[in-house]
Every structure is written in structure tokens, then in C-alpha cells.
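Accompanying notes for the structure given below.
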Amino acid sequence: MTPPALPDQFEPFGQPEFGVPAKSKFRWHKFLGCLKKYWWLPLITLLLATTVAAVDAWFMPPLFTSEASMWETVKLQLPEGSMFSENMENFLGTQTDVLQSSKIHEAVLAGLADKGYKIPVDKNGQPLEVKIRLSQTAKSSVFSLEATGTDAAFTKAYLDALMDAYLDLKKDVRKTVTGDTLASITEQVQKTDRDLKYEEGILDNFKQTNNLTILEAEGASAGQYLVTLKTQLSDLELQDRLLQATLRDFGTATNGADDNALPAALDSAPGVSSGYATAYQTLQTLKLERDKLSQNLRPKHPKIMKLDEDIEHTKELLEVYMRENREQLAAQQQTLRLRMENITTSITEWEFKATQANTLIAEADQLKVNVQRLQEVYDRLMALVQNVDISRNIDQETLAILEPASDAWRSYGKQMRVLQAGAVAGLGLGLALVLLLTLRDDRFHSVVEINERLGDSVIGQIPDVPVLAGKTPLLLDEGESQHMLAESYRNLRSALMFMAVDGIRPKVLLITSALPSEGKSTVAVNLAQALALCGSRVVLVDCDFRKGVLHHRMGLLREPGLAEVLRGKAVLEQAIQTGSVPNLSFITRGRSASDSADLFLGVAFARVLAWLREQFDYVLIDSSPVLATDDATTLAPMVDGTLVVVRGNFTGGKHVSEALDQLSQRQAKILGLVFNRANSAASSYHYYKYKDYQTVNED
């Protein structure tokens, strides 16, 4: 068979597209795995730290502990003198700080020296240090004190002297506080007394210049008289309005109003004379009589004419009365207004007098209030002075010694704490080192980690199974572990057979890895067998011209191989070998060559690849690692897809990322990653573990 000519142009597939990487998180199983590997590291740090702590504890001076207790005694509640209170919210912390203060320490040493006690000193000539710890039992008024020092007798004596000095200090503080408080209150009393005397002097001067009794009487009488004047003024204003109405009625009558309307307006008006009313009655009577006679008599009848004369005479009389009444009403109105003016003037004068009297009375009341207020303040301050003085002289101390200091005993608490701290520090340091190694270890231990780093890119997992007698495990092998291995390759085969890349099912596949020893050749051999066993025509080509070992694993001749075919020293048909697996052919690498990249870029290799594409259903190419040579990146653009093998617990994420970047730069179509030697015992690997399906049931 003669290889066909090379196509005019080879069109590689485009840039690979991986899934979106998941959010990375800390994996405890990875840490536990690293701890299982480096278990000796925490053990060494634990032993070293514990040894150092033990040596330190051994050379520590002996410590002695003495205990005592104080309690809050019964307190007598007095009406006066209970002036002191303590902040109980932070009582324990405050008392601890006080007991550990330098002031108390100096007082304790001075008290022991006064009693003739010889105070032991250290190598620097300073008194031995005694540490004090204060504690309180919950819901109890008993306080426990614990003293720790290097001298047993001094520790006990120091604790007893400490309690005495503490009680003396509290008494001195109370006396100091009461003395300062009493001085401050006394100063306030003196100031208040001066203010009180000043206000009393102002009140006395006011009383000397103003008779308060007369002012109060004048104010009361002025108020009553003002009420009378205002009542009179109101009456006069009412009379004036009535007179004005009457005068308006007279004006209406004078201007020719109907005579019949006059009585309604003027008959009951004030100031109108009785003659007007009589004349008005007479006029009405004459009119009625004329109306009766007019029914039977003519207007010229003597009686009618007589009545007309009388009516006219009566009208003239009414006019005379009206003029008199109008003049009389006008004079009366003028008199009312004069009286109103006089009363208004009187009201103004008396209001001024009443205001003056009330102002003076209000001023006197304010002076009295000032004096009374200052007197109350003065009385309270005097009572406070008495209470403070009583409190100063009465012992209100409620804290007393319940149990004196006990005999000091040897304490190993500090040594135990040093040992515990050393053990914890050593163990923590070891675990921290293991954690650091875990964080720096970017090797992939599971598919989950690959997905977190590179996205959802794994298309197959190969479990880690034991190698039988140094032989590569093949699909034809039996056994439980080989069952898992076979099923994993069948799963990878299915993924490739049903995968469509840009609408084209990949046919020519390149199998490579980032680093050597990741198992790419093993994956290539077993995947080729899996594809051949399902009836596909498969050829496996060894393109690793430097380290290729397929001929050893398959028991084939190394030459003639692909290197001889590309150099023209052999025909392609002579290089194709077959084995015991049907439909599976092999092309070995041939003689080792260092110019493999040049051979792959030649026309001969392109023709070989094109011929293999036509003659076989699948062409699997096993190449060298990406980061070892340039062969894989040279071959990747020429094939339909590339599978990158990643070995579990071996390949680092940095190396895989770098290899994928180099392949992507060459426009390689990366089909996905094959996770080789996955931990089959891990919970994350759960494929093909069911034993019931490993054997065929004849029933």
C-alpha cells in the first residue's frame, strides 16, 4: 500500500475550552495524607520541645504555695454614717490589681521589717518575689488568696502581712476620702452661708423701705375699686348706646317717617317725657273717630272738619314735645360721656397703683424664695457634714480575714505548665510544618482538586492497582482490582467514542503528559486494547523517539519502526505489527533519534498520518511529555484531539497548567484530562466497586 499525498492544507482544531474552575478550598484528606506521610515530623518536634521544656523545668527553683481566705462580713446599717460603697462590678479585678501593686508590696515589706522578720533576698539583693492570685467562688462572699514563692516561710509570712496591709490600706483610703470629702463639703457650707446672709440682707433692706402689710392691703383695695369702676363704666356705656339709638329714632321721625312707627321707637325710650305719650294717644283716638265718621259723612261735614282741625293741632303738639325731648336726650348723652371719661381716667390711675403694689409684692416673694432655697441647701450640707464626720469615726470595714495563711507546700504547677506548653508548642509546630507542606504541595490527589484548579476537564479516571510481576496490567487480566481497571478503560473508551468536537468525532488522538512517569504509555496501550475489543480498527503509534518502550511492553520488535519509515529506510507496511489482540496494530518508534521534532514536521510524517487516518478507525499516538521535549506540542496541532494524562499524588498543578498553556498556544484541541492512578480506596473514587458485578451469573 502506498501512502496518499499530503493535503494542501492541514486544519487543526481550535483553542480548547475548559469548564469554569470551582472555588478552591482546603482539603482535610490532603492534609491527613500528608500527615500520614510525614508523621515523624510532628513526633520529632514534640520530642524536642518536650525535652527542652523538661530541662527548663528541671532547673527551675522550687516553688512553695500558701493559701488564705477573706470574707465579706455582716454590715451594720446605720441611719447616718453609711456613706461608703464599692464598685462590685469589677471588684475582683480591682482587688487583684491592688494586692499586686507596688504600694501594697512596699507596705508588706515595711510591716515585716517592723516586726523584726528577716526578709530573704535574691542574688541581686532584692526581696524574693511572691506572686499573688485572687479568686472568688461563684455566689459566695469568700475570697481565696494564693501566694507562690521560692521560700516557704517567707511566702506564708508575706501572705499574712499582705492581708493586714490590705485592710490597713483600705482604712487609710477611707479616712483620706472622708477627709477630702469633708473639706470639700465644708467649703460648700461656707459659700452657701455667705450667699444666704447676702440674700437675707437684701430682704431686710426691702422690708425697711416697703411696708409689706400696707402694700398687700393697697393691692387688695385697688383691685376691688377697679372692679367697681369698670362695672360703672360698663353701665354708662350701655346707657350711651341706648341714647344713641333713641336719637336715631327721633331723627327718623323728623325726616317724615310714618306716624304709626313713632310709638314703637320712642314710647319706651329713656329720657322721653310723658306728655309726648299722652299727645300720641290723643292723636290715635282722633284718627279712629274720623275714620268711623268718614264712612257715613262727607269730608266737608262740620264734624269731619272739626276732627281734622283737632288732628292737626295734636300733631303740632307732638312736634313740640319731640323737639323738647331731642334736646333733653342730647344733654343727657353729653353728661353720660363726661362721666365715662372721668371713670376711665380713674381706672387708669388705679391700675397704675395696683401694678406698683403687685410688683413690690412679687419682688418681696422672690426674695423670700431665694432665702428659703439657700436655707434648704445650707441645712442639707450641714446634715451631710455630720454624716461624713460620723462615717469617718465609725469603722465600716466589712472585709475580714477568714483563714490566715497556711503552711507553704511544694508546688509543681509551674513545671507542669512549662511541660504542657512545650508539648503543645512542639506538636503545634510539627502540625504547622505538615500544614505548610500541604499548602506548598500542589499535586493532584483527587478529581475534585483538578476541577477546582482547571475546571471540569477530567473525562476518565484510572484506578491505582497493583502491578502483577512487573507486567503492565492489561484488560485481559482477571481479578477484583483488574475488574476496576478494565471498567475504567471502558468508561474512557465510551467517552471518546461518543464525544463530538466541533461536530466531528475525534479519530486521531495524541496521548501525552506534563512530566515523565505519569503512565501515559500504559494508558495508551490499555485504551487501544479497549477500542480494539469493541471491533474498531486501532493502530497504536509510538512517537516517543527517545524513551519509547511500547515494543518492550507488547513484546514486539523495535525495528523497523516509525523513525526508519520517516527517514525512508523502511516501508510503512513493514513497520506495522500485530499481536494477540484482534483489530489492534502497532508501530514502534524504531531506532532512537534526537531530531524527532524535525521528522514530525516533514512531509513524510504528514503522509503517514493521512494514510493511517484512512485505513484505521482510531489512530492513537503515544508521545513524549510536553515539558520534556517539543514533540508533543509539535504533534498536537496535527491530530483531532489530545488527551493529557495526570498521575495522582505525583503531578503538580503548576506543571499541568504549564503543559496545557503550551498546547493551547499551538492551537491544540485538548479533549480532556485522564486522571491516572487514582486512589481507589478514597471516598471520592466510587466507580466499579460492586463485587456482585465482577462475575457472570449463569442463572
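By order in the C-alpha cells, chains are A, B, ...; within a chain, residues start at 1; ligands start at 1, following the order shown.
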Open item on the list: With only C-alpha atoms as the counted atoms, please give the residues lying no more than 10 Å from Asn491 of chain A, apart from itself and same-chain residues fewer than 5 positions off, as a ChimeraX atom specification.
Closed with: /A:459-462,485-486,496-497,527,530,687
Taking C-alpha atoms for each residue, export the selection above as a PDB file, in the first residue's frame.
ATOM      1  CA  ILE A 459     -13.033  12.681  31.104  1.00  0.00           C
ATOM      2  CA  GLY A 460     -11.700   9.495  32.680  1.00  0.00           C
ATOM      3  CA  GLN A 461     -10.223   8.043  35.861  1.00  0.00           C
ATOM      4  CA  ILE A 462      -7.837   5.087  36.048  1.00  0.00           C
ATOM      5  CA  LEU A 485      -9.122  -1.183  35.839  1.00  0.00           C
ATOM      6  CA  ALA A 486     -10.933  -2.721  32.853  1.00  0.00           C
ATOM      7  CA  LEU A 496     -14.116   9.104  23.342  1.00  0.00           C
ATOM      8  CA  MET A 497     -16.468   7.186  21.067  1.00  0.00           C
ATOM      9  CA  LEU A 527      -7.112   2.364  25.732  1.00  0.00           C
ATOM     10  CA  ALA A 530     -10.339  -1.346  24.815  1.00  0.00           C
ATOM     11  CA  TYR A 687     -16.581   3.704  40.365  1.00  0.00           C
TER      12      TYR A 687
END
Open item on the list: When DSSP is applied to the backbone of this structure, which of segment 365-566 of chain A are assigned strand (DSSP E)? Write them out as a list in words.
Closed with: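 The strand (DSSP E) subset of segment 365-566 of chain A is Leu399, Ala400, Ile401, Leu402, Glu403, Trp409, Arg410, Ser411, Val458, Ile459, Gly460, Gln461, Ile462, Pro463, Val508, Leu509, Leu510, Ile511, Thr512, Ser513, Val538, Val539, Leu540, Val541 and Asp542 of chain A.
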Open item on the list: Report as a VMD selection string all protein, DNA and RNA residues lying within 10 Å of Arg558 of chain A, evaluated on only C-alpha atoms, omitting residues in the same chain fewer than 6 positions from it.
Closed with: chain A and resid 548 to 552 575 587 to 592
Open item on the list: Set the distance at 9 Å and use only C-alpha atoms: which residues neighbour Ser141 of chain A once local chain neighbours fewer than 4 positions away are removed? I'd like the list as a PyMOL selection string.
Closed with: chain A and resi 70-73+136-137
Generate the output file for the selected residues, C-alpha atoms, as a PDB file, in the first residue's frame.
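Produced file selection.pdb, reproduced below:
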ATOM      1  CA  MET A  70     -11.030  36.652 103.373  1.00  0.00           C
ATOM      2  CA  TRP A  71     -14.757  37.182 103.530  1.00  0.00           C
ATOM      3  CA  GLU A  72     -17.371  39.885 103.393  1.00  0.00           C
ATOM      4  CA  THR A  73     -18.732  40.096 106.947  1.00  0.00           C
ATOM      5  CA  GLN A 136     -13.820  34.011  94.273  1.00  0.00           C
ATOM      6  CA  THR A 137     -16.268  31.151  94.362  1.00  0.00           C
TER       7      THR A 137
END
Would you write out, as CSV, a table of all residues in segment 350-468 of chain A that have an atom no more than 8 Å from an atom of segment 31-41 of chain A, listing for each the closest atom pair and the distance in Å to one decimal, considering only C-alpha atoms and ordering rows by chain and rising residue number?
residue,atom,partner,partner_atom,distance
A:Gly430,CA,A:Leu41,CA,5.7
A:Leu431,CA,A:Leu35,CA,8.0
A:Leu433,CA,A:Leu41,CA,7.8
A:Val434,CA,A:Leu35,CA,6.2
A:Leu435,CA,A:Phe31,CA,6.6
A:Leu437,CA,A:Cys34,CA,7.6
A:Thr438,CA,A:Phe31,CA,5.8
Task: Long-range neighbours of segment 338-342 of chain A as a PyMOL selection string, 8 Å cut-off, only C-alpha atoms, 2 positions minimum in chain - done: chain A and resi 233+236-237+334-336+344-346
TODO: May I ask which of the residues A:Leu673, A:Ala157, A:Ala405, A:Ala147 is the closest one to Ala514 of chain A, counting only C-alpha atoms?
DONE: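 The shortest atom-to-atom distance to Ala514 of chain A comes from A:Leu673.
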- [ ] For atom CA of Ala68 of chain A and atom CA of Asp164 of chain A, quote the distance in Å rounded to one decimal.
- [x]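 Separating atom CA of Ala68 of chain A from atom CA of Asp164 of chain A is a distance of 12.0 Å.
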Task: DSSP helix (DSSP H, G or I) residues within segment 391-466 of chain A, as a PyMOL selection string - done: chain A and resi 391-393+413-440+447-454
TODO: Name the closest residue to Arg443 of chain A among the candidates A:Ser144, A:Lys30, A:Gly652, A:Thr94; distances are taken between atoms, counting only C-alpha atoms.
DONE: A:Gly652
Task: Residue with smallest distance to Leu643 of chain A - pool A:Thr176, A:Asn676, A:Gln328, A:Asn387, counting only C-alpha atoms - done: A:Asn676
Open item on the list: So the first atom is atom CA of Ala597 of chain A and the second is atom CA of Asp631 of chain A; what is the distance between them in Å, to one decimal place?
Closed with: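 Between atom CA of Ala597 of chain A and atom CA of Asp631 of chain A the gap is 5.3 Å.
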Open item on the list: Please report the interatomic distance between atom CA of Met163 of chain A and atom CA of Pro61 of chain A in Å with one decimal.
Closed with: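 Taking atom CA of Met163 of chain A as the start and atom CA of Pro61 of chain A as the end point, the length is 25.9 Å.
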Open item on the list: With only C-alpha atoms as the counted atoms, please give the residues lying no more than 12 Å from Ala330 of chain A, apart from itself and same-chain residues fewer than 3 positions off, as a ChimeraX atom specification.
Closed with: /A:240,242-248,250,270-272,323-327,333-337
Task: Counting only C-alpha atoms, the option among A:Ile347, A:Ala524, A:Leu429, A:Ile450 closest to Thr651 of chain A - done: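 With only C-alpha atoms as the atom set, the closest residue is A:Ile450.
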- [ ] Find the residues near Asp56 of chain A: any atom within 9 Å, counting only C-alpha atoms, skip ones fewer than 3 places away on the same chain, and give them as a ChimeraX atom specification.
- [x] /A:51-53,59-60,415,418-419
